[in-house]
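Asker: One structure coming up, written as structure tokens, with questions to follow.
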Amino acid sequence: MNPEEDTEWNDILRKHGILPQQIKITQNDIYDSAVAKAQEEESERLEGLNLDELAELEDEEDDQVLAHYRQQRLAEIKAQADKERFGELTYISEPDYKREVTEASKDSWIVVHLFRDSIPECKLMNRFLGELAQQYRATKFVKIISVECIHNYPDANLPTLLVYGNGDMRGQLVRLDKFGGMRTKRKDVEDYLKGLGAVDPALKRALPGEGAEDDSEDDGDSNGGRMYFDLSKGI
């Protein structure tokens with residue numbers, strides 16, 4: 001006896017639960033499945049197109065479908081533009097600090113450089129931060145003269161980075177000793193900021209004339225060897 005056969009005896013057995021009910025696939029079922037698969041494949045294809053590619057399909061695709069994907073793509077572009085709204089290292093003064101750093105850090109990561117122009121390491125840090133600001137435009141990079149930020153702050157502690165996120169200070173980097181002083185590379189600072197979560201590698205842009213750099217994470221402990229100075233007072 002073949003339980004898959006459509007016989008009167010098998011129907012009796014199925015009625016009494018001895019055999020499982022037979023699942024019958026109709027031509028309509030096959031058609032509906034094929035249509036659903038085709039729609040899914042078409043949706044995936046359109047989702048991967050940019051605005052120019054969508055425009056080229058205007059004569060081939062349904063206007064309503066194309067309009068939907070065009071609006072979706074425009075919304076994605078706007079969302080990215082809203083997030084990546086910085087792009088440069090900005091100078092601020094003491095009266096700006098609360099607005100530009102403390103309050104702004106509730107919405108974005110902020111990297112603050114306490115500097116003096118007379119210190120070579122500060123000039124080096126300013127160059128690195130200016131380049132990183134172009135690469136990570138969702139992060140705000142600012143610089144402020146050290147004694148304007150913290151009165152009587154010692155030059156011996158410069159350069160100093162203060163990193164803010166979610167409305168609070170998330171990291172402090174005092175001097176460049178751990179990176180080799182003037183031998184410090186831009187990637188050293190970049191990896192430090194990555195370790196704090198202050199920059200998002202997924203949003204990294206290449207600098208003009210440069211290819212994408214190695215995005216590997218710092219192998220060491222994100223807090224290892226870092227010098228701290230109590231900066232919570234006086235900011």
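Ordering of the structure tokens sets the chain letters (A, B, ...); residue numbers start at 1 within each chain; ligands are numbered from 1 in the order shown.
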Please extract the residues of range 76-215 of chain A with a backbone DSSP assignment of strand (DSSP E) and present them as number ranges by chain.
Answerer: A: 89-91, 110-115, 140-145, 160-165, 168-174
Asker: Applying 9 Å and only C-alpha atoms, which residues near Tyr136 in chain A remain after dropping the ones on its own chain fewer than 2 positions away? List them as a count of residues only.
Answerer: 16
Asker: Can you measure CA of Glu94 in chain A to CA of Leu162 in chain A for me? One decimal in Å is fine.
Answerer: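 Interatomic distance here is 14.8 Å.
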Asker: If DSSP is run on the backbone, what residues of range 62-215 of chain A are helix (DSSP H, G or I)? A reply as a PyMOL selection string would be ideal.
Answerer: chain A and resi 63-83+94-106+120-135+146-149+155-157+177-179+181-183+186-196+201-203
Asker: If you count only C-alpha atoms, which residues fall within 12 Å of Pro159 in chain A, apart from same-chain ones fewer than 5 positions away, as a tab-separated table (two decimals) with N, CA, C and O atoms, in the first residue's frame?
Answerer:
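Wrote it out as selection_29.tsv, contents follow:
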```tsv
chain	number	residue	atom	x	y	z
A	112	VAL	N	37.46	67.05	22.01
A	112	VAL	CA	37.96	68.39	22.36
A	112	VAL	C	39.47	68.33	22.53
A	112	VAL	O	39.98	67.50	23.29
A	113	HIS	N	40.17	69.21	21.85
A	113	HIS	CA	41.63	69.29	21.99
A	113	HIS	C	41.99	70.54	22.77
A	113	HIS	O	41.73	71.66	22.34
A	114	LEU	N	42.61	70.35	23.95
A	114	LEU	CA	43.17	71.45	24.73
A	114	LEU	C	44.60	71.65	24.23
A	114	LEU	O	45.42	70.72	24.30
A	115	PHE	N	44.91	72.85	23.74
A	115	PHE	CA	46.19	73.04	23.05
A	115	PHE	C	46.79	74.40	23.33
A	115	PHE	O	46.14	75.31	23.86
A	116	ARG	N	48.04	74.53	22.95
A	116	ARG	CA	48.76	75.81	22.81
A	116	ARG	C	49.56	75.73	21.52
A	116	ARG	O	50.22	74.72	21.26
A	117	ASP	N	49.54	76.80	20.75
A	117	ASP	CA	50.24	76.80	19.46
A	117	ASP	C	51.75	76.66	19.61
A	117	ASP	O	52.43	76.21	18.67
A	118	SER	N	52.29	77.04	20.77
A	118	SER	CA	53.74	77.01	20.95
A	118	SER	C	54.29	75.61	21.19
A	118	SER	O	55.51	75.42	21.21
A	119	ILE	N	53.41	74.61	21.36
A	119	ILE	CA	53.84	73.25	21.68
A	119	ILE	C	53.76	72.39	20.42
A	119	ILE	O	52.68	72.22	19.84
A	120	PRO	N	54.90	71.83	19.95
A	120	PRO	CA	54.92	71.06	18.70
A	120	PRO	C	53.92	69.90	18.69
A	120	PRO	O	53.29	69.63	17.66
A	121	GLU	N	53.80	69.19	19.81
A	121	GLU	CA	52.86	68.07	19.86
A	121	GLU	C	51.42	68.52	19.64
A	121	GLU	O	50.60	67.78	19.09
A	122	CYS	N	51.10	69.73	20.08
A	122	CYS	CA	49.74	70.26	19.86
A	122	CYS	C	49.52	70.55	18.38
A	122	CYS	O	48.41	70.31	17.85
A	123	LYS	N	50.54	71.07	17.71
A	123	LYS	CA	50.42	71.32	16.27
A	123	LYS	C	50.21	70.00	15.53
A	123	LYS	O	49.40	69.92	14.60
A	124	LEU	N	50.94	68.98	15.96
A	124	LEU	CA	50.78	67.66	15.35
A	124	LEU	C	49.36	67.13	15.58
A	124	LEU	O	48.72	66.63	14.64
A	125	MET	N	48.88	67.25	16.81
A	125	MET	CA	47.53	66.77	17.12
A	125	MET	C	46.48	67.53	16.32
A	125	MET	O	45.51	66.94	15.82
A	126	ASN	N	46.64	68.83	16.18
A	126	ASN	CA	45.67	69.62	15.40
A	126	ASN	C	45.62	69.14	13.95
A	126	ASN	O	44.55	69.09	13.34
A	129	LEU	N	43.73	65.77	13.95
A	129	LEU	CA	42.30	65.93	14.21
A	129	LEU	C	41.60	66.59	13.03
A	129	LEU	O	40.43	66.27	12.74
A	143	LYS	N	38.74	72.47	19.03
A	143	LYS	CA	39.97	72.78	19.77
A	143	LYS	C	39.75	74.06	20.56
A	143	LYS	O	39.02	74.96	20.13
A	144	ILE	N	40.38	74.13	21.72
A	144	ILE	CA	40.26	75.29	22.59
A	144	ILE	C	41.60	75.50	23.29
A	144	ILE	O	42.26	74.52	23.68
A	145	ILE	N	42.03	76.74	23.43
A	145	ILE	CA	43.27	77.03	24.16
A	145	ILE	C	43.13	76.52	25.58
A	145	ILE	O	42.12	76.75	26.25
A	146	SER	N	44.11	75.80	26.04
A	146	SER	CA	44.01	75.04	27.30
A	146	SER	C	43.55	75.88	28.49
A	146	SER	O	42.66	75.48	29.24
A	153	TYR	N	45.71	75.52	33.62
A	153	TYR	CA	46.02	74.15	33.21
A	153	TYR	C	47.47	74.09	32.76
A	153	TYR	O	47.92	74.90	31.93
A	154	PRO	N	48.28	73.15	33.27
A	154	PRO	CA	49.72	73.14	32.99
A	154	PRO	C	50.05	72.73	31.55
A	154	PRO	O	49.49	71.77	31.03
A	172	GLN	N	39.84	60.61	28.50
A	172	GLN	CA	40.83	61.67	28.58
A	172	GLN	C	42.17	61.13	28.12
A	172	GLN	O	42.59	60.07	28.57
A	173	LEU	N	42.80	61.83	27.23
A	173	LEU	CA	44.14	61.47	26.78
A	173	LEU	C	45.05	62.63	27.10
A	173	LEU	O	44.87	63.73	26.57
A	174	VAL	N	46.03	62.44	27.98
A	174	VAL	CA	46.93	63.49	28.41
A	174	VAL	C	48.32	63.21	27.85
A	174	VAL	O	48.92	62.17	28.15
A	175	ARG	N	48.82	64.11	27.00
A	175	ARG	CA	50.12	63.98	26.34
A	175	ARG	C	50.11	62.83	25.31
A	175	ARG	O	49.15	62.07	25.23
A	176	LEU	N	51.20	62.77	24.57
A	176	LEU	CA	51.34	61.74	23.53
A	176	LEU	C	52.42	60.72	23.88
A	176	LEU	O	52.87	59.98	23.00
A	177	ASP	N	52.80	60.67	25.14
A	177	ASP	CA	53.89	59.78	25.54
A	177	ASP	C	53.61	58.32	25.16
A	177	ASP	O	54.50	57.60	24.71
A	181	GLY	N	55.31	60.37	21.55
A	181	GLY	CA	55.52	61.81	21.39
A	181	GLY	C	55.36	62.26	19.96
A	181	GLY	O	54.34	62.01	19.31
A	182	MET	N	56.41	62.91	19.42
A	182	MET	CA	56.34	63.42	18.05
A	182	MET	C	56.37	62.31	17.01
A	182	MET	O	56.18	62.57	15.83
A	189	VAL	N	45.92	57.95	17.06
A	189	VAL	CA	44.82	58.75	17.61
A	189	VAL	C	43.49	58.18	17.14
A	189	VAL	O	42.53	58.10	17.92
A	227	MET	N	47.13	58.18	30.65
A	227	MET	CA	47.33	59.07	31.78
A	227	MET	C	46.06	59.89	32.00
A	227	MET	O	45.47	60.40	31.05
```
Asker: Which value, in Å to one decimal, gives the distance between CA of Ser108 in chain A and CA of Asn166 in chain A?
Answerer: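 Rounded to one decimal, the two atoms are 7.2 Å apart.
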Asker: One decimal, in Å: what's the spacing between CA of Leu158 in chain A and CA of Ala104 in chain A?
Answerer: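 Distance between the two atoms: 23.9 Å.
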